[in-house]
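Source file: data13.cif (mmCIF, N, CA and C atoms)
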```
data_protein
loop_
_atom_site.label_atom_id
_atom_site.label_comp_id
_atom_site.auth_asym_id
_atom_site.auth_seq_id
_atom_site.Cartn_x
_atom_site.Cartn_y
_atom_site.Cartn_z
N MET Y 21 -116.22 64.30 -128.55
CA MET Y 21 -115.84 63.96 -127.20
C MET Y 21 -116.99 63.31 -126.43
N ARG Y 22 -118.09 63.10 -127.11
CA ARG Y 22 -119.24 62.49 -126.42
C ARG Y 22 -118.95 61.04 -126.03
N ARG Y 23 -119.65 60.63 -124.98
CA ARG Y 23 -119.62 59.24 -124.51
C ARG Y 23 -118.26 58.83 -123.95
N ARG Y 24 -117.51 59.80 -123.42
CA ARG Y 24 -116.21 59.48 -122.81
C ARG Y 24 -116.20 59.77 -121.32
N GLY Y 25 -117.34 60.16 -120.77
CA GLY Y 25 -117.43 60.41 -119.34
C GLY Y 25 -117.03 61.80 -118.89
N LEU Y 26 -116.66 62.66 -119.84
CA LEU Y 26 -116.23 64.01 -119.46
C LEU Y 26 -117.37 64.83 -118.89
N GLY Y 27 -118.53 64.76 -119.52
CA GLY Y 27 -119.70 65.51 -119.03
C GLY Y 27 -120.09 65.06 -117.63
N THR Y 28 -120.09 63.77 -117.41
CA THR Y 28 -120.43 63.23 -116.10
C THR Y 28 -119.42 63.69 -115.05
N ALA Y 29 -118.16 63.66 -115.40
CA ALA Y 29 -117.12 64.11 -114.47
C ALA Y 29 -117.27 65.59 -114.14
N LEU Y 30 -117.58 66.39 -115.15
CA LEU Y 30 -117.78 67.82 -114.92
C LEU Y 30 -118.98 68.08 -114.02
N LEU Y 31 -120.07 67.37 -114.27
CA LEU Y 31 -121.25 67.54 -113.42
C LEU Y 31 -120.98 67.13 -111.98
N ARG Y 32 -120.26 66.05 -111.80
CA ARG Y 32 -119.90 65.62 -110.43
C ARG Y 32 -119.04 66.68 -109.75
N GLY Y 33 -118.11 67.26 -110.49
CA GLY Y 33 -117.26 68.30 -109.93
C GLY Y 33 -118.03 69.54 -109.54
N VAL Y 34 -118.97 69.94 -110.40
CA VAL Y 34 -119.82 71.10 -110.09
C VAL Y 34 -120.65 70.82 -108.84
N ALA Y 35 -121.26 69.65 -108.79
CA ALA Y 35 -122.10 69.30 -107.63
C ALA Y 35 -121.28 69.26 -106.35
N ALA Y 36 -120.11 68.65 -106.40
CA ALA Y 36 -119.26 68.57 -105.22
C ALA Y 36 -118.77 69.95 -104.80
N GLY Y 37 -118.39 70.77 -105.77
CA GLY Y 37 -117.94 72.12 -105.45
C GLY Y 37 -119.05 72.96 -104.85
N ALA Y 38 -120.25 72.84 -105.40
CA ALA Y 38 -121.39 73.59 -104.87
C ALA Y 38 -121.72 73.14 -103.45
N ALA Y 39 -121.74 71.84 -103.23
CA ALA Y 39 -122.02 71.32 -101.89
C ALA Y 39 -120.95 71.77 -100.90
N GLY Y 40 -119.72 71.78 -101.33
CA GLY Y 40 -118.62 72.21 -100.48
C GLY Y 40 -118.70 73.67 -100.09
N ARG Y 41 -119.43 74.43 -100.87
CA ARG Y 41 -119.61 75.85 -100.57
C ARG Y 41 -120.94 76.11 -99.87
N GLY Y 42 -121.63 75.04 -99.51
CA GLY Y 42 -122.86 75.18 -98.75
C GLY Y 42 -124.15 75.18 -99.55
N ALA Y 43 -124.07 74.99 -100.86
CA ALA Y 43 -125.29 74.94 -101.67
C ALA Y 43 -126.08 73.68 -101.36
N GLN Y 44 -127.37 73.79 -101.49
CA GLN Y 44 -128.24 72.64 -101.30
C GLN Y 44 -128.74 72.09 -102.62
N ARG Y 45 -128.76 72.96 -103.64
CA ARG Y 45 -129.27 72.57 -104.96
C ARG Y 45 -128.45 73.24 -106.06
N VAL Y 46 -128.40 72.58 -107.21
CA VAL Y 46 -127.80 73.13 -108.42
C VAL Y 46 -128.91 73.18 -109.47
N PHE Y 47 -128.99 74.31 -110.18
CA PHE Y 47 -129.97 74.47 -111.24
C PHE Y 47 -129.25 74.66 -112.57
N LEU Y 48 -129.89 74.21 -113.64
CA LEU Y 48 -129.39 74.49 -114.99
C LEU Y 48 -130.57 74.53 -115.94
N GLU Y 49 -130.30 75.07 -117.12
CA GLU Y 49 -131.30 75.12 -118.18
C GLU Y 49 -130.78 74.33 -119.37
N VAL Y 50 -131.69 73.70 -120.07
CA VAL Y 50 -131.33 72.95 -121.28
C VAL Y 50 -132.48 73.05 -122.27
N SER Y 51 -132.13 73.10 -123.54
CA SER Y 51 -133.16 73.13 -124.56
C SER Y 51 -133.92 71.80 -124.56
N GLU Y 52 -135.22 71.90 -124.68
CA GLU Y 52 -136.01 70.67 -124.74
C GLU Y 52 -135.64 69.84 -125.95
N ARG Y 53 -135.02 70.45 -126.94
CA ARG Y 53 -134.63 69.75 -128.17
C ARG Y 53 -133.27 69.06 -128.07
N ASN Y 54 -132.55 69.26 -127.00
CA ASN Y 54 -131.21 68.70 -126.85
C ASN Y 54 -131.30 67.37 -126.09
N ALA Y 55 -131.63 66.33 -126.83
CA ALA Y 55 -131.87 65.02 -126.22
C ALA Y 55 -130.62 64.46 -125.54
N ALA Y 56 -129.45 64.65 -126.14
CA ALA Y 56 -128.22 64.11 -125.55
C ALA Y 56 -127.93 64.76 -124.21
N ALA Y 57 -128.06 66.07 -124.13
CA ALA Y 57 -127.81 66.77 -122.86
C ALA Y 57 -128.86 66.39 -121.83
N ARG Y 58 -130.10 66.30 -122.25
CA ARG Y 58 -131.16 65.92 -121.30
C ARG Y 58 -130.90 64.53 -120.72
N ALA Y 59 -130.42 63.61 -121.55
CA ALA Y 59 -130.12 62.26 -121.06
C ALA Y 59 -128.96 62.29 -120.06
N LEU Y 60 -127.93 63.09 -120.36
CA LEU Y 60 -126.80 63.23 -119.45
C LEU Y 60 -127.26 63.76 -118.10
N TYR Y 61 -128.05 64.83 -118.13
CA TYR Y 61 -128.50 65.44 -116.88
C TYR Y 61 -129.43 64.51 -116.10
N ALA Y 62 -130.29 63.80 -116.79
CA ALA Y 62 -131.18 62.85 -116.11
C ALA Y 62 -130.37 61.74 -115.45
N ALA Y 63 -129.36 61.24 -116.14
CA ALA Y 63 -128.51 60.19 -115.57
C ALA Y 63 -127.75 60.69 -114.34
N ALA Y 64 -127.48 62.00 -114.30
CA ALA Y 64 -126.77 62.59 -113.16
C ALA Y 64 -127.72 62.90 -112.00
N GLY Y 65 -129.02 62.72 -112.21
CA GLY Y 65 -129.98 62.93 -111.13
C GLY Y 65 -130.74 64.23 -111.19
N PHE Y 66 -130.53 65.03 -112.23
CA PHE Y 66 -131.28 66.28 -112.36
C PHE Y 66 -132.74 65.98 -112.67
N GLU Y 67 -133.63 66.78 -112.09
CA GLU Y 67 -135.07 66.61 -112.31
C GLU Y 67 -135.65 67.91 -112.83
N PRO Y 68 -136.62 67.83 -113.75
CA PRO Y 68 -137.24 69.06 -114.27
C PRO Y 68 -138.11 69.72 -113.20
N VAL Y 69 -138.00 71.05 -113.13
CA VAL Y 69 -138.81 71.80 -112.15
C VAL Y 69 -139.58 72.94 -112.78
N ALA Y 70 -139.22 73.33 -114.00
CA ALA Y 70 -139.93 74.43 -114.67
C ALA Y 70 -139.64 74.39 -116.16
N ARG Y 71 -140.40 75.17 -116.88
CA ARG Y 71 -140.24 75.29 -118.34
C ARG Y 71 -140.33 76.77 -118.68
N ARG Y 72 -139.42 77.22 -119.53
CA ARG Y 72 -139.45 78.59 -120.03
C ARG Y 72 -139.82 78.52 -121.50
N ARG Y 73 -141.02 78.95 -121.79
CA ARG Y 73 -141.56 78.84 -123.15
C ARG Y 73 -140.80 79.73 -124.14
N SER Y 74 -140.51 79.17 -125.29
CA SER Y 74 -139.86 79.90 -126.40
C SER Y 74 -138.64 80.68 -125.93
N TYR Y 75 -137.83 80.06 -125.12
CA TYR Y 75 -136.67 80.72 -124.50
C TYR Y 75 -135.52 80.91 -125.47
N TYR Y 76 -135.31 79.96 -126.34
CA TYR Y 76 -134.17 80.00 -127.26
C TYR Y 76 -134.54 80.66 -128.58
N PRO Y 77 -133.56 81.22 -129.29
CA PRO Y 77 -133.84 81.90 -130.57
C PRO Y 77 -134.57 81.03 -131.59
N ASP Y 78 -134.38 79.71 -131.53
CA ASP Y 78 -135.06 78.83 -132.48
C ASP Y 78 -136.49 78.52 -132.05
N GLY Y 79 -136.93 79.11 -130.93
CA GLY Y 79 -138.30 78.90 -130.45
C GLY Y 79 -138.45 77.75 -129.47
N ALA Y 80 -137.37 77.04 -129.20
CA ALA Y 80 -137.44 75.90 -128.29
C ALA Y 80 -137.65 76.38 -126.85
N ASP Y 81 -138.36 75.56 -126.10
CA ASP Y 81 -138.50 75.82 -124.67
C ASP Y 81 -137.23 75.44 -123.94
N ALA Y 82 -136.97 76.12 -122.83
CA ALA Y 82 -135.89 75.74 -121.94
C ALA Y 82 -136.49 74.96 -120.78
N LEU Y 83 -135.88 73.86 -120.44
CA LEU Y 83 -136.27 73.11 -119.26
C LEU Y 83 -135.31 73.50 -118.13
N VAL Y 84 -135.88 73.85 -117.00
CA VAL Y 84 -135.07 74.16 -115.82
C VAL Y 84 -134.97 72.89 -115.00
N LEU Y 85 -133.75 72.47 -114.73
CA LEU Y 85 -133.51 71.22 -114.01
C LEU Y 85 -132.85 71.51 -112.68
N ARG Y 86 -133.11 70.64 -111.70
CA ARG Y 86 -132.56 70.81 -110.35
C ARG Y 86 -131.93 69.51 -109.88
N LEU Y 87 -130.82 69.65 -109.16
CA LEU Y 87 -130.15 68.53 -108.53
C LEU Y 87 -129.91 68.88 -107.07
N ALA Y 88 -130.37 68.03 -106.16
CA ALA Y 88 -130.07 68.22 -104.73
C ALA Y 88 -128.64 67.75 -104.48
N VAL Y 89 -127.85 68.60 -103.82
CA VAL Y 89 -126.44 68.27 -103.57
C VAL Y 89 -126.11 68.17 -102.09
N ALA Y 90 -127.03 68.54 -101.25
CA ALA Y 90 -126.78 68.44 -99.80
C ALA Y 90 -127.99 67.89 -99.08
#
```

Would it be possible to restate this file's structure as structure tokens?
Amino acid sequence: MRRRGLGTALLRGVAAGAAGRGAQRVFLEVSERNAAARALYAAAGFEPVARRRSYYPDGADALVLRLAVA
């Protein structure tokens, strides 16, 4: 289902829903090894704000990303 715009649509829906409920920011975590997800989130405007070392069972770091919605 990749490259069909579903992920982008879901992210837009989450951001709009969060903003509609008064949120100013949305946070998420992604494995540093997940290049496809990182590209999707970057294209949606998410920016890295922190790193959680060895967060995943495979030893990968988690990147904490933030998107301003309001």

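The coordinates place atom C of Ala36 in chain Y at 23.5 Å from atom N of Leu83 in chain Y.
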
Counting only C-alpha atoms, what is within 9 Å of Ala35 in chain Y, bar same-chain residues fewer than 3 positions away, as a PyMOL selection string?
chain Y and resi 30-32+38-40+43+45-46+87-89

Which residues in chain Y does DSSP call helix (DSSP H, G or I)? List them as a PyMOL selection string.
chain Y and resi 26-40+55-63

Expected selection from the PyMOL selection byres (((chain Y and resi 50 and name CA) around 10) and name CA), given as a PyMOL selection string:
chain Y and resi 48-49+51-55+57-58+61+68+71-72+75-76+80-85

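Among the candidates Y:Gln44, Y:Arg86, Y:Arg22, Y:Ala56, the residue lying nearest to Ala70 in chain Y is Y:Arg86 (atoms considered: all atoms listed in the file).
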